[in-house]
Amino acid sequence: MSLNKHEEDLIEEIAGGEFERQPVPKSNLKSWKSFLGMYAGEHAAGTEFVIGPLFLTTGVSAFDLIIGLLLGNLMAVFSWRFLTSEIAVQRRLTLYYHLEKICGKKLVIGYNLANGILFCFLAGAMITVSATAVGIPFDMEMPKLTDTMPNGMTWVIIVLVIGAVISLIASKGYDMVSKAANWMSPVIVLAFLACGIVALQQLGVHSFSDLWEIWGEGGDPFPGQIKYTFWHIFFWSWFANAAMHIGMSDLSVFRFAQKPSAGWTTAAGMYVGHYMAWIAAALLYAVYVRTPEAQALLAQGEAPTVAPGPLAHSAIGIFGIIAVVLAGWTTANPTIYRAGLAFQAVMPKTSTFWVTLLAGSIATIAGLFPAFAMKLLDFVALYGFILAPVGAIIVFEHFFHRQAGIVQNYAEVAHLKFNRSVLFAWAISFGLFYFISLQFDIFLSFVTLPAWLLCGILFLIFSKRQQKSLSEVE
């Protein structure tokens with residue numbers, strides 16, 4: 001997930017201190033081992049229980065999914081290694097402070113507001129995930145793939161209770177959140193692995209040829225879904241965390257790295273969570289789709305339910321229910337905490353406790369509506385598309401400021417609180433390619449990279465003109 005102004009609080013166990021407005025000193029740098037476990041745990045969480053099955057609803061073939069994820073996640077690792085960690089180690093600043101030097105304080109407040117709202121929606125989807133597991137003992141009706149509204153009072157009560165508990169824990173501070181997550185992460189990873197193995201047995205798969213015979217070329221997408229190809233999987237998996245790597249949010253994490261090579265540790269998250277876990281979750285759904293219940297829904301032109309709780313329960317029993325609850329919890333909890341910190345940048349006089357409760361309340365309300373979880377593929381693509389171009393501004397300024405003949409950290413140098421070059425570059429690139437996506441029905445992840453590149457180029461052009469005009473006035 002993308003990170004924000006107070007990321008140093010979010011990684012205080014790594015940092016051992018706060019360096020919000022100064023470069024991290026050498027005495028506080030950490031080896032690559034400090035980042036390995038963090039990324040492995042961060043990316044094997046509640047979202048994976050939803051994303052894997054959603055891939056299957058698009059009718060994607062086995063080859064396109066397996067190879068598309070393999071290469072798409074590799075591109076994500078390359079982005080972290082050669083862009084994010086490279087800049088982070090050279091500058092050693094938080095994302096917020098780095099942006100403030102370029103954009104100005106007022107513009108960064110707007111970024112944090114957008115960040116916080118998007119965090120809340122993501123956390124809401126994870127509350128939905130946990131609710132599908134908690135609802136099993138109560139024989140709760142599970143949300144359908146096409147559901148947008150709450151489907152009953154039982155659902156509403158369970159979501160409200162889970163949201164309240166998560167929000168209260170998050171409001172107690174990140175120390176409690178991080179310790180709990182560190183203990184739960186190995187359990188969740190083990191659960192994903194167990195689910196995948198059991199699902200393969202239930203499908204009668206003993207070799208890759210068996211898998212190909214069952215899955216093979218895929219099929220038609222389920223009602224309300226589009227057909228995914230190799231390129232859909234490749235670009236979606238590359239940009240699922242676009243806000244964190246090409247969006248530069250993880251500058252705040254890697255500023256503590258001794259060397260840029262620490263960026264390679266993100267492979268632990270990509271290939272444990274975004275490869276093994278996604279495929280394992282997809283196999284769980286493949287088992288369910290073969291049941292009479294699911295086949296009856298398909299015959300009626302309806303999409304079978306994508307509910308992580310029942311899927312995991314059918315594979316590994318009570319352990320599956322526990323794993324889904326923990327997976328949703330470990331994702332929603334720090335996400336709500338981060339959203340609260342983002343809102344605190346907008347309302348600096350409000351305590352962390354109250355802004356976190358505000359974020360938790362918004363997330364809980366969002367969790368009542370299953371659409372955020374059932375349309376998670378679309379939401380994650382939109383999330384990255386909105387925030388990634390901001391990172392292009394940092395990247396292009398860092399690598400090309402000399403060639404473009406512009407001053408680095410211009411907002412700081414010129415005492416600007418609002419750098420209009422940044423806003424215009426982002427607005428034009430976002431607006432143009434979002435319009436193209438809607439008008440021509442183009443998959444949003446296909447236009448994320450063009451929007452990112454255009455934003456960086458426009459920033460250099462606008463900055464050149466802005467700095468020239470201001471120097472002439474002076």
# chains A, B, ... in the order shown; residues from 1 in each chain; ligands from 1

$ residues_around --residues "segment 142-155 of chain A" --least-positions-apart "5" --cutoff "7 Å" --atoms "only C-alpha atoms" --output "short mmCIF file (atom, residue, chain, number, x, y, z; two decimals) with C-alpha atoms, in the first residue's frame"
data_model
loop_
_atom_site.label_atom_id
_atom_site.label_comp_id
_atom_site.auth_asym_id
_atom_site.auth_seq_id
_atom_site.Cartn_x
_atom_site.Cartn_y
_atom_site.Cartn_z
CA THR A 132 -16.97 -13.55 5.32
CA ALA A 303 -21.41 -15.39 -10.96
CA PRO A 304 -20.59 -17.77 -8.08
CA THR A 305 -19.83 -16.11 -4.76
CA VAL A 306 -16.25 -14.96 -4.13
CA ALA A 307 -16.19 -15.21 -0.33
CA LEU A 368 -20.61 -2.56 4.57
CA PHE A 369 -20.63 -2.36 0.78
CA PRO A 370 -19.21 -5.57 -0.75
CA ALA A 371 -18.44 -3.79 -4.03
CA MET A 374 -15.74 -7.75 -5.12
#

$ residues_around --residues "Tyr228 of chain A" --least-positions-apart "6" --cutoff "10 Å" --atoms "only C-alpha atoms" --output "ChimeraX atom specification"
/A:55-61,64-65,218,220-221,443

$ closest_residue --among "A:Phe435, A:Trp452, A:Trp426, A:Phe379" --to "Phe121 of chain A" --atoms "only C-alpha atoms"
A:Phe379

$ closest_atom_pairs --of "segment 38-126 of chain A" --to "segment 187-197 of chain A" --cutoff "10 Å" --atoms "only C-alpha atoms" --output "Markdown table"
| residue | atom | partner | partner_atom | distance |
| --- | --- | --- | --- | --- |
| A:Ala40 | CA | A:Val189 | CA | 8.8 |
| A:Gly41 | CA | A:Val189 | CA | 8.1 |
| A:His43 | CA | A:Val189 | CA | 9.8 |
| A:Ala44 | CA | A:Val189 | CA | 6.3 |
| A:Ala45 | CA | A:Ile188 | CA | 7.1 |
| A:Gly46 | CA | A:Ile188 | CA | 9.0 |
| A:Glu48 | CA | A:Phe192 | CA | 9.0 |
| A:Phe49 | CA | A:Phe192 | CA | 8.5 |

$ closest_atom_pairs --of "segment 229-281 of chain A" --to "segment 321-332 of chain A" --cutoff "12 Å" --atoms "only C-alpha atoms" --output "tab-separated table"
residue	atom	partner	partner_atom	distance
A:Gly273	CA	A:Ala327	CA	11.4
A:Ala277	CA	A:Ala327	CA	11.5
A:Ala281	CA	A:Val324	CA	11.1

$ write_last_selection --atoms "N, CA, C and O atoms" --output "tab-separated table (two decimals), in the first residue's frame"
chain	number	residue	atom	x	y	z
A	273	GLY	N	3.60	-13.60	-1.51
A	273	GLY	CA	2.22	-13.10	-1.48
A	273	GLY	C	1.59	-12.96	-2.84
A	273	GLY	O	0.50	-13.48	-3.09
A	277	ALA	N	0.54	-17.00	-3.04
A	277	ALA	CA	-0.75	-16.82	-2.37
A	277	ALA	C	-1.87	-16.56	-3.37
A	277	ALA	O	-2.99	-17.08	-3.21
A	281	ALA	N	-5.02	-19.09	-3.76
A	281	ALA	CA	-6.39	-18.61	-3.57
A	281	ALA	C	-7.23	-18.87	-4.82
A	281	ALA	O	-8.42	-19.20	-4.74

$ residues_around --residues "Gly360 of chain A" --least-positions-apart "5" --cutoff "7 Å" --atoms "only C-alpha atoms" --output "MDAnalysis selection string"
chainID A and resid 163 167 336

$ atom_distance --atom1 "atom CA of Ile214 of chain A" --atom2 "atom CA of Leu70 of chain A"
20.6 Å

$ residues_around --residues "Trp236 of chain A" --least-positions-apart "2" --cutoff "8 Å" --atoms "only C-alpha atoms" --output "MDAnalysis selection string"
chainID A and resid 72 232:234 238:240 381 445

$ atom_distance --atom1 "atom CA of Ile226 of chain A" --atom2 "atom CA of Leu211 of chain A"
22.9 Å

$ residues_around --residues "Ser421 of chain A" --least-positions-apart "5" --cutoff "6 Å" --atoms "only C-alpha atoms" --output "list in words"
Phe459, Phe462 and Ser463 of chain A

$ select_by_dssp --residues "segment 47-171 of chain A" --states "alpha helix (DSSP H)" --output "PyMOL selection string"
chain A and resi 47-57+62-79+85-91+95-103+105-134+153-171

$ closest_atom_pairs --of "segment 190-263 of chain A" --to "segment 284-291 of chain A" --cutoff "9 Å" --atoms "only C-alpha atoms" --output "Markdown table"
| residue | atom | partner | partner_atom | distance |
| --- | --- | --- | --- | --- |
| A:Cys195 | CA | A:Leu284 | CA | 6.8 |
| A:Gly196 | CA | A:Leu284 | CA | 6.8 |
| A:Val198 | CA | A:Leu284 | CA | 8.4 |
| A:Ala199 | CA | A:Leu284 | CA | 5.4 |
| A:Leu200 | CA | A:Leu284 | CA | 8.4 |
| A:Gln202 | CA | A:Val287 | CA | 6.8 |
| A:Leu203 | CA | A:Val287 | CA | 6.3 |
| A:Trp215 | CA | A:Ala286 | CA | 8.7 |

$ write_last_selection --atoms "N, CA and C atoms" --output "CSV table (one decimal), in the first residue's frame"
chain,number,residue,atom,x,y,z
A,195,CYS,N,-3.8,-24.2,1.8
A,195,CYS,CA,-5.0,-24.1,0.9
A,195,CYS,C,-4.6,-24.5,-0.5
A,196,GLY,N,-3.5,-24.1,-1.0
A,196,GLY,CA,-3.1,-24.5,-2.3
A,196,GLY,C,-2.9,-26.0,-2.5
A,198,VAL,N,-4.1,-28.4,-0.6
A,198,VAL,CA,-5.4,-29.1,-0.4
A,198,VAL,C,-6.3,-29.0,-1.7
A,199,ALA,N,-6.3,-27.7,-2.2
A,199,ALA,CA,-7.1,-27.5,-3.4
A,199,ALA,C,-6.6,-28.3,-4.6
A,200,LEU,N,-5.3,-28.5,-4.8
A,200,LEU,CA,-4.7,-29.3,-5.8
A,200,LEU,C,-5.2,-30.8,-5.7
A,202,GLN,N,-7.9,-31.8,-4.1
A,202,GLN,CA,-9.4,-31.8,-4.4
A,202,GLN,C,-9.7,-31.7,-5.9
A,203,LEU,N,-8.8,-31.1,-6.6
A,203,LEU,CA,-9.0,-31.0,-8.1
A,203,LEU,C,-8.4,-32.2,-8.8
A,215,TRP,N,-7.4,-26.6,-16.2
A,215,TRP,CA,-7.5,-25.2,-16.3
A,215,TRP,C,-7.3,-24.8,-17.8

$ residues_around --residues "His401 of chain A" --least-positions-apart "6" --cutoff "12 Å" --atoms "only C-alpha atoms" --output "PyMOL selection string"
chain A and resi 102+393-395+407-410+456-457+459-461+463-464

$ residues_around --residues "Ile117 of chain A" --least-positions-apart "2" --cutoff "10 Å" --atoms "only C-alpha atoms" --output "ChimeraX atom specification"
/A:112-115,119-123,336,339-340,342-343,359,362-363

$ atom_distance --atom1 "atom CA of Tyr96 of chain A" --atom2 "atom CA of Leu387 of chain A"
13.4 Å

$ closest_residue --among "A:Phe418, A:Trp278, A:Tyr39, A:Phe235" --to "Leu107 of chain A" --atoms "only C-alpha atoms"
A:Phe418

$ closest_residue --among "A:Lys106, A:Lys101, A:Arg338, A:His313" --to "Val413 of chain A" --atoms "only C-alpha atoms"
A:Lys101

$ closest_residue --among "A:Pro450, A:Gly37, A:Arg420, A:Gly204" --to "Arg465 of chain A" --atoms "only C-alpha atoms"
A:Arg420
